[in-house]
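Coordinates as given in structure14.cif (mmCIF, C-alpha atoms and all ligand atoms):
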data_coords
#
loop_
_atom_site.group_PDB
_atom_site.id
_atom_site.type_symbol
_atom_site.label_atom_id
_atom_site.label_comp_id
_atom_site.auth_asym_id
_atom_site.auth_seq_id
_atom_site.Cartn_x
_atom_site.Cartn_y
_atom_site.Cartn_z
ATOM 1 C CA MET U 247 -3.455 27.293 59.109
ATOM 2 C CA THR U 248 -6.564 25.175 59.685
ATOM 3 C CA PRO U 249 -9.184 25.909 57.042
ATOM 4 C CA THR U 250 -12.626 27.037 58.143
ATOM 5 C CA PRO U 251 -15.688 25.190 56.759
ATOM 6 C CA ASP U 252 -16.257 28.200 54.519
ATOM 7 C CA ASP U 253 -12.740 27.929 53.001
ATOM 8 C CA GLU U 254 -13.280 24.236 52.372
ATOM 9 C CA SER U 255 -16.172 24.840 50.021
ATOM 10 C CA LYS U 256 -14.361 27.504 47.964
ATOM 11 C CA ILE U 257 -13.087 26.271 44.645
ATOM 12 C CA GLU U 258 -12.003 28.051 41.473
ATOM 13 C CA LEU U 259 -13.264 26.830 38.094
ATOM 14 C CA ARG U 260 -11.266 27.482 34.918
ATOM 15 C CA SER U 261 -11.903 26.711 31.242
ATOM 16 C CA ASP U 262 -8.564 27.984 29.919
ATOM 17 C CA VAL U 263 -4.913 27.008 30.278
ATOM 18 C CA THR U 264 -1.793 29.100 30.967
ATOM 19 C CA VAL U 265 1.307 28.954 28.796
ATOM 20 C CA GLU U 266 4.134 31.445 29.391
ATOM 21 C CA LEU U 267 7.443 31.426 27.603
ATOM 22 C CA VAL U 268 9.759 32.130 30.530
ATOM 23 C CA LYS U 269 13.185 31.617 28.965
ATOM 24 C CA HIS U 270 14.569 31.017 25.515
ATOM 25 C CA THR U 271 17.656 30.928 23.337
ATOM 26 C CA ALA U 272 15.975 30.123 20.053
ATOM 27 C CA SER U 273 16.317 31.703 16.626
ATOM 28 C CA ASP U 274 16.538 30.636 12.994
ATOM 29 C CA ALA U 275 20.247 31.508 13.138
ATOM 30 C CA ASP U 276 20.720 28.613 15.585
ATOM 31 C CA VAL U 277 19.584 26.221 12.864
ATOM 32 C CA LEU U 278 21.777 27.813 10.211
ATOM 33 C CA PHE U 279 25.108 27.799 12.031
ATOM 34 C CA ALA U 280 24.581 24.187 13.050
ATOM 35 C CA ALA U 281 23.742 23.124 9.501
ATOM 36 C CA ARG U 282 26.565 25.074 7.884
ATOM 37 C CA VAL U 283 29.264 23.506 10.039
ATOM 38 C CA SER U 284 29.038 20.627 7.531
ATOM 39 C CA THR U 285 30.689 22.755 4.872
ATOM 40 C CA ALA U 286 32.074 25.851 6.626
ATOM 41 C CA GLY U 287 33.489 24.282 9.796
ATOM 42 C CA GLU U 288 34.108 26.821 12.563
ATOM 43 C CA GLN U 289 33.466 29.647 10.046
ATOM 44 C CA SER U 290 29.743 28.787 9.998
ATOM 45 C CA LEU U 291 28.863 31.513 12.535
ATOM 46 C CA ASP U 292 30.299 34.179 10.167
ATOM 47 C CA GLU U 293 28.049 32.931 7.361
ATOM 48 C CA LEU U 294 24.817 33.741 9.169
ATOM 49 C CA LYS U 295 23.916 37.181 7.864
ATOM 50 C CA LYS U 296 25.331 36.828 4.364
ATOM 51 C CA ASP U 297 22.324 35.843 2.264
ATOM 52 C CA PRO U 298 18.813 35.736 3.808
ATOM 53 C CA GLU U 299 17.242 33.986 0.793
ATOM 54 C CA ARG U 300 19.854 31.253 0.930
ATOM 55 C CA SER U 301 19.182 30.881 4.662
ATOM 56 C CA LYS U 302 15.467 30.460 4.046
ATOM 57 C CA GLY U 303 16.192 27.894 1.335
ATOM 58 C CA LEU U 304 18.565 25.963 3.586
ATOM 59 C CA ILE U 305 16.013 25.734 6.413
ATOM 60 C CA ASN U 306 13.365 24.573 3.977
ATOM 61 C CA TYR U 307 15.704 21.954 2.527
ATOM 62 C CA LEU U 308 16.570 20.639 6.014
ATOM 63 C CA MET U 309 12.886 20.407 6.899
ATOM 64 C CA ARG U 310 11.858 18.790 3.614
ATOM 65 C CA ASP U 311 14.598 16.160 3.673
ATOM 66 C CA ARG U 312 14.197 15.625 7.405
ATOM 67 C CA HIS U 313 17.716 16.586 8.471
ATOM 68 C CA GLY U 314 16.530 17.087 12.019
ATOM 69 C CA SER U 315 19.561 17.644 14.242
ATOM 70 C CA PRO U 316 20.245 21.323 13.292
ATOM 71 C CA PHE U 317 16.819 22.098 14.809
ATOM 72 C CA GLU U 318 18.007 20.932 18.232
ATOM 73 C CA HIS U 319 20.536 23.732 18.992
ATOM 74 C CA ASN U 320 18.021 25.985 20.760
ATOM 75 C CA SER U 321 15.965 25.950 23.915
ATOM 76 C CA MET U 322 12.543 27.163 25.077
ATOM 77 C CA THR U 323 11.232 26.915 28.640
ATOM 78 C CA PHE U 324 7.482 27.229 29.177
ATOM 79 C CA PHE U 325 5.529 27.598 32.402
ATOM 80 C CA ILE U 326 2.299 25.684 31.919
ATOM 81 C CA SER U 327 -0.743 25.479 34.119
ATOM 82 C CA ALA U 328 -3.343 22.941 32.976
ATOM 83 C CA PRO U 329 -5.462 20.068 34.323
ATOM 84 C CA ILE U 330 -3.658 16.887 35.418
ATOM 85 C CA PHE U 331 -5.244 14.923 32.566
ATOM 86 C CA VAL U 332 -3.408 17.208 30.116
ATOM 87 C CA PHE U 333 -0.089 16.625 31.907
ATOM 88 C CA ARG U 334 -0.607 12.866 31.741
ATOM 89 C CA GLU U 335 -0.734 13.131 27.959
ATOM 90 C CA PHE U 336 1.997 15.766 27.786
ATOM 91 C CA MET U 337 4.592 13.755 29.669
ATOM 92 C CA ARG U 338 4.366 10.914 27.173
ATOM 93 C CA HIS U 339 6.605 13.121 25.020
ATOM 94 C CA ARG U 340 10.021 11.884 26.131
ATOM 95 C CA ALA U 341 12.569 12.853 23.512
ATOM 96 C CA GLY U 342 13.987 16.393 23.777
ATOM 97 C CA TRP U 343 11.783 17.399 26.721
ATOM 98 C CA SER U 344 12.582 18.183 30.377
ATOM 99 C CA TYR U 345 9.846 18.545 32.991
ATOM 100 C CA ASN U 346 9.492 19.742 36.567
ATOM 101 C CA GLU U 347 6.020 19.734 38.118
ATOM 102 C CA GLU U 348 4.650 21.054 41.410
ATOM 103 C CA SER U 349 4.536 18.430 44.119
ATOM 104 C CA GLY U 350 1.417 17.102 45.810
ATOM 105 C CA ARG U 351 3.700 15.692 48.535
ATOM 106 C CA TYR U 352 5.465 18.904 49.492
ATOM 107 C CA ARG U 353 2.724 21.494 49.065
ATOM 108 C CA GLU U 354 -0.986 21.724 49.637
ATOM 109 C CA LEU U 355 -2.743 21.535 46.287
ATOM 110 C CA GLN U 356 -4.905 24.527 45.450
ATOM 111 C CA PRO U 357 -8.643 24.152 44.664
ATOM 112 C CA VAL U 358 -8.490 25.082 40.964
ATOM 113 C CA PHE U 359 -10.446 22.782 38.653
ATOM 114 C CA TYR U 360 -11.249 22.468 34.957
ATOM 115 C CA VAL U 361 -14.700 22.832 33.440
ATOM 116 C CA PRO U 362 -15.188 22.855 29.653
ATOM 117 C CA GLY U 363 -15.918 26.284 28.185
ATOM 118 C CA SER U 364 -19.048 26.914 26.123
ATOM 119 C CA SER U 365 -17.206 26.295 22.816
ATOM 120 C CA ARG U 366 -15.868 22.882 23.915
ATOM 121 C CA LYS U 367 -17.740 20.180 21.976
ATOM 122 C CA LEU U 368 -19.122 17.654 24.436
ATOM 123 C CA VAL U 369 -20.461 14.685 22.491
ATOM 124 C CA GLN U 370 -18.430 12.087 20.595
ATOM 125 C CA GLN U 371 -20.059 10.431 17.579
ATOM 126 C CA GLY U 372 -18.699 7.481 15.589
ATOM 127 C CA ARG U 373 -16.392 4.610 16.417
ATOM 128 C CA PRO U 374 -12.892 4.852 17.963
ATOM 129 C CA GLY U 375 -10.385 6.111 15.400
ATOM 130 C CA LYS U 376 -13.138 7.553 13.212
ATOM 131 C CA TYR U 377 -15.252 9.944 15.176
ATOM 132 C CA VAL U 378 -16.229 13.574 15.390
ATOM 133 C CA PHE U 379 -17.190 15.802 18.279
ATOM 134 C CA VAL U 380 -20.411 17.786 18.212
ATOM 135 C CA GLU U 381 -21.928 20.435 20.472
ATOM 136 C CA GLY U 382 -23.876 19.119 23.430
ATOM 137 C CA SER U 383 -27.476 20.062 24.118
ATOM 138 C CA GLU U 384 -28.229 22.718 26.709
ATOM 139 C CA ASP U 385 -29.168 19.940 29.142
ATOM 140 C CA GLN U 386 -25.846 18.214 28.623
ATOM 141 C CA GLN U 387 -23.960 21.461 29.108
ATOM 142 C CA GLU U 388 -25.832 22.150 32.321
ATOM 143 C CA LEU U 389 -25.210 18.577 33.517
ATOM 144 C CA VAL U 390 -21.472 18.749 32.827
ATOM 145 C CA GLY U 391 -21.052 22.077 34.623
ATOM 146 C CA ARG U 392 -23.166 21.084 37.611
ATOM 147 C CA THR U 393 -21.831 17.562 38.206
ATOM 148 C CA MET U 394 -18.213 18.597 37.745
ATOM 149 C CA GLU U 395 -18.559 21.431 40.205
ATOM 150 C CA ASP U 396 -20.363 19.238 42.786
ATOM 151 C CA SER U 397 -17.817 16.500 42.430
ATOM 152 C CA TYR U 398 -14.825 18.877 42.685
ATOM 153 C CA ARG U 399 -16.291 20.541 45.757
ATOM 154 C CA GLN U 400 -16.861 17.207 47.463
ATOM 155 C CA ALA U 401 -13.389 15.909 46.572
ATOM 156 C CA TYR U 402 -11.628 19.048 47.778
ATOM 157 C CA SER U 403 -13.592 19.080 50.992
ATOM 158 C CA ALA U 404 -12.568 15.445 51.646
ATOM 159 C CA TYR U 405 -8.928 16.428 50.974
ATOM 160 C CA GLN U 406 -9.187 19.332 53.434
ATOM 161 C CA GLU U 407 -10.841 17.157 56.054
ATOM 162 C CA MET U 408 -7.955 14.698 55.945
ATOM 163 C CA LEU U 409 -5.315 17.459 56.053
ATOM 164 C CA ALA U 410 -7.080 19.054 59.018
ATOM 165 C CA ALA U 411 -6.978 15.670 60.802
ATOM 166 C CA GLY U 412 -3.202 15.484 60.317
ATOM 167 C CA VAL U 413 -3.111 13.075 57.366
ATOM 168 C CA ALA U 414 -0.063 13.563 55.107
ATOM 169 C CA ARG U 415 -0.592 15.496 51.856
ATOM 170 C CA GLU U 416 0.753 12.571 49.820
ATOM 171 C CA VAL U 417 -1.983 10.321 51.265
ATOM 172 C CA ALA U 418 -4.870 12.801 51.233
ATOM 173 C CA ARG U 419 -4.320 13.769 47.572
ATOM 174 C CA SER U 420 -5.666 10.386 46.429
ATOM 175 C CA VAL U 421 -9.192 11.808 46.467
ATOM 176 C CA LEU U 422 -8.418 14.642 44.027
ATOM 177 C CA PRO U 423 -9.552 14.196 40.414
ATOM 178 C CA VAL U 424 -7.655 14.611 37.125
ATOM 179 C CA GLY U 425 -9.541 17.869 36.492
ATOM 180 C CA LEU U 426 -7.372 19.539 39.182
ATOM 181 C CA PHE U 427 -4.936 22.100 37.786
ATOM 182 C CA SER U 428 -1.234 21.483 38.122
ATOM 183 C CA SER U 429 1.747 23.515 36.985
ATOM 184 C CA MET U 430 5.108 22.675 35.472
ATOM 185 C CA TYR U 431 8.114 23.965 33.610
ATOM 186 C CA ALA U 432 8.647 22.214 30.298
ATOM 187 C CA THR U 433 11.821 22.788 28.290
ATOM 188 C CA CYS U 434 12.142 21.673 24.688
ATOM 189 C CA ASN U 435 13.866 22.515 21.435
ATOM 190 C CA ALA U 436 12.324 23.271 18.047
ATOM 191 C CA ARG U 437 12.610 19.680 16.859
ATOM 192 C CA SER U 438 10.892 18.165 19.897
ATOM 193 C CA LEU U 439 8.273 20.932 19.839
ATOM 194 C CA MET U 440 7.494 20.231 16.171
ATOM 195 C CA HIS U 441 7.008 16.545 16.956
ATOM 196 C CA PHE U 442 4.657 17.521 19.786
ATOM 197 C CA LEU U 443 2.705 19.963 17.587
ATOM 198 C CA GLY U 444 2.393 17.402 14.785
ATOM 199 C CA LEU U 445 0.634 15.050 17.210
ATOM 200 C CA ARG U 446 -1.182 17.419 19.559
ATOM 201 C CA THR U 447 -2.705 19.987 17.200
ATOM 202 C CA GLN U 448 -5.078 19.750 14.268
ATOM 203 C CA HIS U 449 -4.133 21.917 11.303
ATOM 204 C CA GLU U 450 -5.270 22.220 7.699
ATOM 205 C CA LEU U 451 -1.647 22.019 6.490
ATOM 206 C CA ALA U 452 -0.903 18.760 8.329
ATOM 207 C CA LYS U 453 0.108 15.985 5.924
ATOM 208 C CA VAL U 454 -0.629 13.407 8.631
ATOM 209 C CA PRO U 455 -3.788 14.408 10.502
ATOM 210 C CA SER U 456 -3.938 13.829 14.247
ATOM 211 C CA PHE U 457 -6.928 13.862 16.594
ATOM 212 C CA PRO U 458 -5.722 15.248 19.926
ATOM 213 C CA GLN U 459 -7.884 15.978 22.930
ATOM 214 C CA ARG U 460 -8.930 19.613 22.733
ATOM 215 C CA GLU U 461 -7.386 20.607 26.073
ATOM 216 C CA ILE U 462 -3.813 19.540 25.195
ATOM 217 C CA GLU U 463 -4.337 21.180 21.812
ATOM 218 C CA MET U 464 -5.121 24.460 23.640
ATOM 219 C CA VAL U 465 -1.696 24.214 25.297
ATOM 220 C CA GLY U 466 -0.055 23.317 21.970
ATOM 221 C CA GLU U 467 -1.624 26.291 20.187
ATOM 222 C CA LYS U 468 -0.239 28.726 22.751
ATOM 223 C CA MET U 469 3.230 27.193 22.583
ATOM 224 C CA GLU U 470 3.069 27.308 18.808
ATOM 225 C CA SER U 471 2.322 31.029 18.697
ATOM 226 C CA GLU U 472 5.301 31.799 20.999
ATOM 227 C CA TRP U 473 7.640 29.622 18.938
ATOM 228 C CA ALA U 474 6.433 31.098 15.614
ATOM 229 C CA GLN U 475 7.661 34.525 16.725
ATOM 230 C CA LEU U 476 11.090 33.247 17.788
ATOM 231 C CA MET U 477 11.839 31.167 14.694
ATOM 232 C CA PRO U 478 9.703 32.469 11.796
ATOM 233 C CA LEU U 479 11.674 30.779 8.985
ATOM 234 C CA THR U 480 11.644 27.421 10.759
ATOM 235 C CA TYR U 481 7.972 27.810 11.535
ATOM 236 C CA ALA U 482 7.141 28.631 7.900
ATOM 237 C CA ALA U 483 9.150 25.621 6.696
ATOM 238 C CA PHE U 484 7.358 23.357 9.208
ATOM 239 C CA ASN U 485 3.986 24.423 7.794
ATOM 240 C CA ALA U 486 5.154 24.318 4.173
ATOM 241 C CA ASN U 487 6.317 20.725 4.625
ATOM 242 C CA GLY U 488 3.120 19.335 6.107
ATOM 243 C CA ARG U 489 3.872 19.881 9.800
ATOM 244 C CA VAL U 490 5.962 16.729 10.071
ATOM 245 C CA ALA U 491 8.895 17.092 12.480
ATOM 246 C CA PRO U 492 12.223 16.592 10.690
HETATM 247 C C1 LIG H 501 -4.223 11.352 19.323
HETATM 248 C C2 LIG H 501 -3.386 10.547 20.270
HETATM 249 C C3 LIG H 501 -3.935 9.471 20.941
HETATM 250 C C4 LIG H 501 -3.174 8.714 21.845
HETATM 251 N N1 LIG H 501 -3.749 7.672 22.503
HETATM 252 C C5 LIG H 501 -3.008 6.941 23.364
HETATM 253 C C6 LIG H 501 -3.573 5.846 24.089
HETATM 254 O O1 LIG H 501 -4.748 5.522 23.942
HETATM 255 N N2 LIG H 501 -2.796 5.159 24.961
HETATM 256 C C7 LIG H 501 -1.453 5.462 25.142
HETATM 257 O O2 LIG H 501 -0.777 4.804 25.925
HETATM 258 N N3 LIG H 501 -0.898 6.494 24.472
HETATM 259 C C8 LIG H 501 -1.616 7.231 23.604
HETATM 260 N N4 LIG H 501 -1.044 8.290 22.942
HETATM 261 C C9 LIG H 501 0.352 8.642 23.237
HETATM 262 C C10 LIG H 501 1.308 8.143 22.109
HETATM 263 O O3 LIG H 501 1.304 6.729 22.021
HETATM 264 C C11 LIG H 501 2.745 8.640 22.369
HETATM 265 O O4 LIG H 501 3.196 8.113 23.604
HETATM 266 C C12 LIG H 501 2.824 10.146 22.437
HETATM 267 O O5 LIG H 501 2.149 10.728 21.363
HETATM 268 C C13 LIG H 501 4.290 10.577 22.386
HETATM 269 O O6 LIG H 501 4.775 10.310 21.086
HETATM 270 P P1 LIG H 501 6.243 9.818 20.837
HETATM 271 O O7 LIG H 501 6.566 8.540 21.562
HETATM 272 O O8 LIG H 501 6.445 9.806 19.340
HETATM 273 O O9 LIG H 501 7.088 11.048 21.441
HETATM 274 P P2 LIG H 501 8.480 11.053 22.177
HETATM 275 O O10 LIG H 501 8.460 10.190 23.382
HETATM 276 O O11 LIG H 501 8.829 12.486 22.392
HETATM 277 O O12 LIG H 501 9.472 10.407 21.134
HETATM 278 C C14 LIG H 501 9.827 11.099 19.943
HETATM 279 C C15 LIG H 501 10.364 10.098 18.957
HETATM 280 O O13 LIG H 501 11.589 9.537 19.464
HETATM 281 C C16 LIG H 501 11.646 8.162 19.121
HETATM 282 N N5 LIG H 501 11.628 7.368 20.369
HETATM 283 C C17 LIG H 501 11.387 7.836 21.627
HETATM 284 N N6 LIG H 501 11.485 6.832 22.514
HETATM 285 C C18 LIG H 501 11.751 5.717 21.813
HETATM 286 C C19 LIG H 501 11.936 4.361 22.160
HETATM 287 N N7 LIG H 501 11.859 3.917 23.413
HETATM 288 N N8 LIG H 501 12.208 3.474 21.193
HETATM 289 C C20 LIG H 501 12.297 3.869 19.909
HETATM 290 N N9 LIG H 501 12.118 5.151 19.469
HETATM 291 C C21 LIG H 501 11.856 6.055 20.431
HETATM 292 C C22 LIG H 501 10.424 7.861 18.243
HETATM 293 O O14 LIG H 501 10.773 8.073 16.898
HETATM 294 C C23 LIG H 501 9.443 8.909 18.693
HETATM 295 O O15 LIG H 501 8.446 9.213 17.728
HETATM 296 C C24 LIG H 501 -1.796 9.045 22.044
HETATM 297 C C25 LIG H 501 -1.249 10.126 21.349
HETATM 298 C C26 LIG H 501 -2.016 10.875 20.475
HETATM 299 C C27 LIG H 501 -1.393 12.046 19.756
#
Represent the structure contained in this file as structure tokens.
Ligand SMILES: Cc1cc2nc3c(=O)[nH]c(=O)nc-3n(C[C@H](O)[C@H](O)[C@H](O)COP(=O)(O)OP(=O)(O)OC[C@H]3O[C@@H](n4cnc5c(N)ncnc54)[C@H](O)[C@@H]3O)c2cc1C
Amino acid sequence: MTPTPDDESKIELRSDVTVELVKHTASDADVLFAARVSTAGEQSLDELKKDPERSKGLINYLMRDRHGSPFEHNSMTFFISAPIFVFREFMRHRAGWSYNEESGRYRELQPVFYVPGSSRKLVQQGRPGKYVFVEGSEDQQELVGRTMEDSYRQAYSAYQEMLAAGVAREVARSVLPVGLFSSMYATCNARSLMHFLGLRTQHELAKVPSFPQREIEMVGEKMESEWAQLMPLTYAAFNANGRVAP
């Protein structure tokens, strides 16, 4: 369908991200049976419900001493919708992750763009590696909102103009900015998720502080709250041991 000039100027602005847990086989028991095969062999599955306190202690010991492989026998698949600049950072996480993202070659990209919400700190102070973010002034907030919207509108209209003239989607998409939303499925296990969370969230219990960009942290926080419900003992041990992936 050829877009009308009115359609071309319509864009959606979002300040949030979507994270949905769509599929999982993940529980603390998955860690325990894998760890206990060391001593119980094929009987390790029968051991699971015997002594909850011992189970908690075993998970904590594995986390503390960084015996990481028992944390890999589980799987979580998330549907994530976030700006492209978040996905660029996200896909640097290679180990224990699988990704599939919507295609800008095979489908027309939708006009959904990111603008920082009012609580997003806008101004960086200090030198690289040692800086803080502070609130922007009202003028800066107005400038960011206005120029982003203008720029998105112009870029999307250029994209539509090329599509309407018969240019291939894979060529026309060059004009779209990294603030455009994309979507993907990302599958991980508890070990790879802990490594991700250690780097992409800030937390008072972190033994090794990290300084992630706020927008990928927003994704990480939502994944973290889903995972915490699935594997509460593992999650508690992660926090108790300084949020360092085993
Ligand atoms: C705050 C912050 C700032 C960043 N800034 C930049 C930046 O300016 N520029 C930039 O390019 N990147 C930057 N990154 C990305 C960063 O360098 C990593 O690529 C990203 O955090 C993924 O970490 P990872 O390689 O440990 O994870 P994964 O790829 O998931 O790997 C997990 C672990 O597996 C092992 N591993 C994986 N692959 C290999 C390998 N090939 N050889 C040996 N061991 C391997 C390592 O132990 C690794 O820690 C930044 C990351 C953060 C958190």
- Reference answer for the PyMOL selection byres (((not hetatm)) within 12 of (chain H and resi 501)), as a PyMOL selection string: chain U and resi 314+332-344+374-377+434-435+437-448+454-463+466+490-492
- Message: Counting only C-alpha atoms, which residue out of U:Val465, U:Ala474, U:Ala432, U:Leu422 sits closest to Val268 in chain U?
- Response: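 Using only C-alpha atoms, the shortest distance to Val268 in chain U belongs to U:Ala432.
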- Message: I'd like the interatomic distance between CA of Ala486 in chain U and CA of Asn320 in chain U, to a tenth of an Å.
- Response: 21.1 Å
- Name the residues captured by the PyMOL selection byres (((chain U and resi 328) around 6) and not hetatm) when it is applied to the shown file; answer as a ChimeraX atom specification. /U:263,327,329,427-428
- Between U:Leu451, U:Ile330, U:Glu388, U:Arg353, which has the minimum distance to Phe484 in chain U (counting only C-alpha atoms)? U:Leu451
- If you measure from CA of Gln356 in chain U to CA of Leu368 in chain U, what distance in Å do you get, rounded to one decimal?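 Calculated distance between CA of Gln356 in chain U and CA of Leu368 in chain U is 26.3 Å.
With distances restricted to only C-alpha atoms, U:Arg419 is the closest residue to Glu354 in chain U from U:His449, U:Arg310, U:Lys468, U:Arg419.
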